[in-house]
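Visitor: I'd like to ask you about the structure that follows.
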Amino acid sequence: MGFLPGPTDPFYDLMQPPPDETPAQKTARQKRELDAQRVSDGIDEDIKQERARSKKGKNVIKVLLLGQSESGKSTTLKNFRMQYAPTEWEQERDGWRSVVQLNVVRSIITIQKVIEAEMNGDVPADSEDDHTTLNEANEIEGMKFTDRHQLLMIRLAPLLGVEAELKRRLGAGSEPVPPSITAMSATPFETPDAGTNPRRKPEFSVRSWKEVLAPQTRDARTGESSKSGSDSATSILAGCKDDMKALWDDKAVRLALKRRRLQLPDSAGFFLNDLDRVASLKYTVTDDDIVRARLRTVGIQEHQLFFKHGPWDNPKSDKHSGWEWRVFDVGGCRTMRTAWLPYFDNVNVIIFLSPVSVFDQRLEEDSKVNRLEDSLILWTSICSSKLLAKTQLILFLNKCDLLRRKLKRGIKVNQYLPSFGNRSNEVITVVKYFREKFKDIQKQNSPEHRSCYIYPTTVTDTSATAMTLETVRDGVLRENLAASQLI
């Protein structure tokens, strides 16, 4: 029954039923009152739930991992999960076995296609003219393919069947969008422009890690034990191990890859240099394997991390409210950046990854754009957005290990970045230059004053990254305490 005012209430007379009310009118009135009370109770419950959500929301930190494709976002997420979600990490370990095997198989098949193109005399797609330098002529002379290479190709033919089986087990995602209708944007705030890029090749993808890595979902999808199919692939890989090693170590093959400027995934060398372990019958997936394994996703990856101590806990009290991070990994390709915008709402932290080793590379989706230039454009748009004015910014200058190797080979940064000038071509100097450049962009473009935390990283180095993530976690804690005026 609804609220009934007493005789002294000023609304008492207004809420009295008419003196000549009929039974039918009384029934209708009571029904209206009950309906109104139901609506009022529903509003009260909504307010109560909203207050509960608001209270709980104070213990939730929303973190976005941003950066161009192949910048290390997914690898950073793996490091977070290995460090702070160890139970789930162990449950998914066996699922990564098929992913690592697919990485190996796809790298070998890619190399086979290069050899086939060379043997057929196909001209590399990047060739701009018919002029050949002396060095290139000497390389071509040393790049003679023989019957031995043809035999290796035949002996490795079963890998095509392994690739198909592993793809079936993992489950493909949505079909790639044809290049002719692919729309691209340099930043998430721009209207996409339709573009074409015949160089971009479709890549095997899944909708999410969770769909393919959890044991129950793998078995439910394939209708069989996850062990049986994997053993079949493992047996064939073990049988092809020596031939794969011979192909990868072959000098003519390496020269062909160099001549065609083929960019294998960063992880390819890690696995192909360790085929004795990865292609063995007793292969066990390690943490380093998982961190380096590539599995492209077409959706937004959301993962929850839980910390026992929250930023609002009293350290002298035994009561802990806990602290939840919701980490989102979004696709970094220019065709996917407009999908970032909905995730900017109420975001607390952005961890932006910029690979420092790509100053001499171009985007796969748009060969006219330098990868470092693309990172700078993207970073500028994030820093200058009023929507993100109060968001904490953390920058990872990633892939320092690849930068070191590149500089060791004699590649000069100032040949690609004239502004680098006559600085020494050393890792420390180059990283310092990039740090200052990104920091200046942040200072000049931020709508209001805020700190930016910058870390040189190699996120495939799990030990070093663990320490960096701990520092990041503590930094986010301090920022939230300061925002709450608790420090």
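Letters A, B, ... go to the chains of the structure tokens in the order shown; residues in each chain start at 1; ligands are counted from 1 in the same order.
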Enumerate as a count of residues only all residues of range 423-484 of chain A assigned to strand (DSSP E) by DSSP on the backbone, naming them with the chain letters and numbers the document uses.

Guide: 5

Visitor: So which one's closest to Cys240 in chain A, A:Ala186, A:Leu402, A:Ala85, A:Ala279? Using only C-alpha atoms, please.

Guide: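 Checking each candidate against Cys240 in chain A, we get A:Ala279 as the closest.
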
Visitor: Name all residues at most 12 Å from Ser235 in chain A (count only C-alpha atoms; drop same-chain ones fewer than 2 positions away) and give them as a PyMOL selection string.

Guide: chain A and resi 101+158-159+162+228-233+237-241+278-283

Visitor: Please produce a file of the residues just selected, as a PDB file, in the first residue's frame, where the atoms kept are N, CA, C and O atoms.

Guide:
ATOM      1  N   GLN A 101      52.703 -23.327 -32.786  1.00  0.00           N
ATOM      2  CA  GLN A 101      52.914 -24.207 -33.943  1.00  0.00           C
ATOM      3  C   GLN A 101      52.448 -23.547 -35.229  1.00  0.00           C
ATOM      4  O   GLN A 101      53.104 -23.652 -36.272  1.00  0.00           O
ATOM      5  N   PRO A 158      53.751 -31.326 -46.399  1.00  0.00           N
ATOM      6  CA  PRO A 158      52.732 -31.661 -45.384  1.00  0.00           C
ATOM      7  C   PRO A 158      52.380 -30.500 -44.449  1.00  0.00           C
ATOM      8  O   PRO A 158      51.346 -30.547 -43.779  1.00  0.00           O
ATOM      9  N   LEU A 159      53.223 -29.473 -44.392  1.00  0.00           N
ATOM     10  CA  LEU A 159      52.938 -28.352 -43.495  1.00  0.00           C
ATOM     11  C   LEU A 159      51.670 -27.601 -43.900  1.00  0.00           C
ATOM     12  O   LEU A 159      51.030 -26.965 -43.061  1.00  0.00           O
ATOM     13  N   VAL A 162      49.025 -29.208 -42.033  1.00  0.00           N
ATOM     14  CA  VAL A 162      49.119 -28.829 -40.610  1.00  0.00           C
ATOM     15  C   VAL A 162      48.534 -27.441 -40.395  1.00  0.00           C
ATOM     16  O   VAL A 162      47.805 -27.192 -39.420  1.00  0.00           O
ATOM     17  N   SER A 228      44.260 -34.577 -28.917  1.00  0.00           N
ATOM     18  CA  SER A 228      44.431 -35.445 -30.077  1.00  0.00           C
ATOM     19  C   SER A 228      44.856 -34.699 -31.317  1.00  0.00           C
ATOM     20  O   SER A 228      45.808 -35.080 -31.991  1.00  0.00           O
ATOM     21  N   GLY A 229      44.141 -33.596 -31.644  1.00  0.00           N
ATOM     22  CA  GLY A 229      44.495 -32.843 -32.838  1.00  0.00           C
ATOM     23  C   GLY A 229      45.861 -32.222 -32.735  1.00  0.00           C
ATOM     24  O   GLY A 229      46.596 -32.134 -33.701  1.00  0.00           O
ATOM     25  N   SER A 230      46.200 -31.765 -31.540  1.00  0.00           N
ATOM     26  CA  SER A 230      47.493 -31.127 -31.345  1.00  0.00           C
ATOM     27  C   SER A 230      48.618 -32.126 -31.534  1.00  0.00           C
ATOM     28  O   SER A 230      49.665 -31.804 -32.061  1.00  0.00           O
ATOM     29  N   ASP A 231      48.411 -33.368 -31.098  1.00  0.00           N
ATOM     30  CA  ASP A 231      49.445 -34.395 -31.247  1.00  0.00           C
ATOM     31  C   ASP A 231      49.723 -34.685 -32.714  1.00  0.00           C
ATOM     32  O   ASP A 231      50.859 -34.975 -33.093  1.00  0.00           O
ATOM     33  N   SER A 232      48.678 -34.639 -33.550  1.00  0.00           N
ATOM     34  CA  SER A 232      48.859 -34.868 -34.976  1.00  0.00           C
ATOM     35  C   SER A 232      49.776 -33.801 -35.573  1.00  0.00           C
ATOM     36  O   SER A 232      50.726 -34.105 -36.306  1.00  0.00           O
ATOM     37  N   ALA A 233      49.516 -32.536 -35.240  1.00  0.00           N
ATOM     38  CA  ALA A 233      50.357 -31.448 -35.728  1.00  0.00           C
ATOM     39  C   ALA A 233      51.765 -31.571 -35.177  1.00  0.00           C
ATOM     40  O   ALA A 233      52.754 -31.339 -35.892  1.00  0.00           O
ATOM     41  N   LEU A 237      55.251 -31.846 -37.366  1.00  0.00           N
ATOM     42  CA  LEU A 237      56.290 -30.833 -37.165  1.00  0.00           C
ATOM     43  C   LEU A 237      57.606 -31.484 -36.742  1.00  0.00           C
ATOM     44  O   LEU A 237      58.679 -31.089 -37.210  1.00  0.00           O
ATOM     45  N   ALA A 238      57.513 -32.469 -35.857  1.00  0.00           N
ATOM     46  CA  ALA A 238      58.730 -33.166 -35.421  1.00  0.00           C
ATOM     47  C   ALA A 238      59.390 -33.878 -36.594  1.00  0.00           C
ATOM     48  O   ALA A 238      60.625 -33.902 -36.716  1.00  0.00           O
ATOM     49  N   GLY A 239      58.572 -34.460 -37.488  1.00  0.00           N
ATOM     50  CA  GLY A 239      59.119 -35.142 -38.657  1.00  0.00           C
ATOM     51  C   GLY A 239      59.757 -34.184 -39.657  1.00  0.00           C
ATOM     52  O   GLY A 239      60.673 -34.566 -40.389  1.00  0.00           O
ATOM     53  N   CYS A 240      59.281 -32.950 -39.698  1.00  0.00           N
ATOM     54  CA  CYS A 240      59.804 -31.942 -40.634  1.00  0.00           C
ATOM     55  C   CYS A 240      60.874 -31.059 -40.003  1.00  0.00           C
ATOM     56  O   CYS A 240      61.372 -30.140 -40.669  1.00  0.00           O
ATOM     57  N   LYS A 241      61.221 -31.302 -38.759  1.00  0.00           N
ATOM     58  CA  LYS A 241      62.110 -30.401 -38.026  1.00  0.00           C
ATOM     59  C   LYS A 241      63.438 -30.164 -38.739  1.00  0.00           C
ATOM     60  O   LYS A 241      63.865 -29.016 -38.934  1.00  0.00           O
ATOM     61  N   VAL A 278      60.979 -26.323 -30.095  1.00  0.00           N
ATOM     62  CA  VAL A 278      59.591 -26.022 -30.457  1.00  0.00           C
ATOM     63  C   VAL A 278      58.979 -27.125 -31.324  1.00  0.00           C
ATOM     64  O   VAL A 278      57.778 -27.407 -31.212  1.00  0.00           O
ATOM     65  N   ALA A 279      59.776 -27.764 -32.167  1.00  0.00           N
ATOM     66  CA  ALA A 279      59.256 -28.793 -33.067  1.00  0.00           C
ATOM     67  C   ALA A 279      59.512 -30.207 -32.553  1.00  0.00           C
ATOM     68  O   ALA A 279      59.553 -31.155 -33.332  1.00  0.00           O
ATOM     69  N   SER A 280      59.675 -30.356 -31.252  1.00  0.00           N
ATOM     70  CA  SER A 280      59.913 -31.694 -30.684  1.00  0.00           C
ATOM     71  C   SER A 280      58.592 -32.303 -30.228  1.00  0.00           C
ATOM     72  O   SER A 280      57.602 -31.596 -29.994  1.00  0.00           O
ATOM     73  N   LEU A 281      58.585 -33.625 -30.073  1.00  0.00           N
ATOM     74  CA  LEU A 281      57.384 -34.329 -29.634  1.00  0.00           C
ATOM     75  C   LEU A 281      57.020 -33.974 -28.197  1.00  0.00           C
ATOM     76  O   LEU A 281      55.850 -34.043 -27.810  1.00  0.00           O
ATOM     77  N   LYS A 282      58.005 -33.601 -27.403  1.00  0.00           N
ATOM     78  CA  LYS A 282      57.768 -33.294 -25.988  1.00  0.00           C
ATOM     79  C   LYS A 282      57.722 -31.788 -25.733  1.00  0.00           C
ATOM     80  O   LYS A 282      57.985 -31.329 -24.624  1.00  0.00           O
ATOM     81  N   TYR A 283      57.374 -31.026 -26.734  1.00  0.00           N
ATOM     82  CA  TYR A 283      57.367 -29.566 -26.612  1.00  0.00           C
ATOM     83  C   TYR A 283      56.385 -29.108 -25.540  1.00  0.00           C
ATOM     84  O   TYR A 283      55.220 -29.519 -25.514  1.00  0.00           O
TER      85      TYR A 283
END

Visitor: Smallest atom-to-atom distance to Arg155 in chain A: which of A:Thr462, A:Gln83, A:Gln112, A:Ser185, using only C-alpha atoms?

Guide: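 Checking each of A:Thr462, A:Gln83, A:Gln112, A:Ser185 against Arg155 in chain A, counting only C-alpha atoms, the winner is A:Gln112.
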
Visitor: Separation of CA of Arg371 in chain A and CA of Phe359 in chain A, in Å?

Guide: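 Between CA of Arg371 in chain A and CA of Phe359 in chain A the gap is 6.5 Å.
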
Visitor: Quick one: residues within 8 Å of Gln68 in chain A, only C-alpha atoms, excluding same-chain residues fewer than 2 positions away - as a PyMOL selection string?

Guide: chain A and resi 66+70-71+331-334+353-354+374-375

Visitor: Deliver the residues from the most recent selection as a file, using N, CA, C and O atoms, as an mmCIF file, in the first residue's frame.

Guide:
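In the end it all went to result_3.cif:
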data_model
loop_
_atom_site.group_PDB
_atom_site.id
_atom_site.type_symbol
_atom_site.label_atom_id
_atom_site.label_comp_id
_atom_site.auth_asym_id
_atom_site.auth_seq_id
_atom_site.Cartn_x
_atom_site.Cartn_y
_atom_site.Cartn_z
ATOM 1 N N LEU A 66 46.977 1.484 -26.359
ATOM 2 C CA LEU A 66 46.865 2.089 -27.687
ATOM 3 C C LEU A 66 48.221 2.089 -28.392
ATOM 4 O O LEU A 66 49.270 2.062 -27.762
ATOM 5 N N GLU A 70 51.307 -3.972 -34.450
ATOM 6 C CA GLU A 70 52.652 -4.516 -34.225
ATOM 7 C C GLU A 70 53.494 -3.629 -33.316
ATOM 8 O O GLU A 70 54.720 -3.645 -33.385
ATOM 9 N N SER A 71 52.853 -2.866 -32.434
ATOM 10 C CA SER A 71 53.626 -2.011 -31.524
ATOM 11 C C SER A 71 53.936 -2.700 -30.197
ATOM 12 O O SER A 71 54.793 -2.231 -29.444
ATOM 13 N N GLY A 331 42.554 -2.903 -31.678
ATOM 14 C CA GLY A 331 43.338 -3.067 -32.897
ATOM 15 C C GLY A 331 44.010 -1.777 -33.316
ATOM 16 O O GLY A 331 43.381 -0.710 -33.303
ATOM 17 N N GLY A 332 45.288 -1.845 -33.694
ATOM 18 C CA GLY A 332 46.048 -0.633 -34.000
ATOM 19 C C GLY A 332 46.136 -0.283 -35.462
ATOM 20 O O GLY A 332 46.628 0.794 -35.819
ATOM 21 N N CYS A 333 45.647 -1.157 -36.343
ATOM 22 C CA CYS A 333 45.698 -0.891 -37.779
ATOM 23 C C CYS A 333 44.851 0.335 -38.108
ATOM 24 O O CYS A 333 43.851 0.626 -37.446
ATOM 25 N N ARG A 334 45.232 1.076 -39.130
ATOM 26 C CA ARG A 334 44.496 2.300 -39.497
ATOM 27 C C ARG A 334 43.047 2.019 -39.882
ATOM 28 O O ARG A 334 42.208 2.914 -39.831
ATOM 29 N N LEU A 353 51.901 2.630 -26.820
ATOM 30 C CA LEU A 353 53.138 1.960 -27.216
ATOM 31 C C LEU A 353 53.602 2.463 -28.569
ATOM 32 O O LEU A 353 52.841 2.459 -29.545
ATOM 33 N N SER A 354 54.850 2.905 -28.608
ATOM 34 C CA SER A 354 55.458 3.348 -29.860
ATOM 35 C C SER A 354 56.753 2.574 -30.066
ATOM 36 O O SER A 354 57.697 2.702 -29.283
ATOM 37 N N ASP A 374 53.758 7.781 -38.272
ATOM 38 C CA ASP A 374 52.394 7.390 -37.905
ATOM 39 C C ASP A 374 52.208 7.392 -36.387
ATOM 40 O O ASP A 374 51.180 7.863 -35.876
ATOM 41 N N SER A 375 53.200 6.899 -35.655
ATOM 42 C CA SER A 375 53.128 6.891 -34.189
ATOM 43 C C SER A 375 53.059 8.310 -33.629
ATOM 44 O O SER A 375 52.304 8.591 -32.691
#
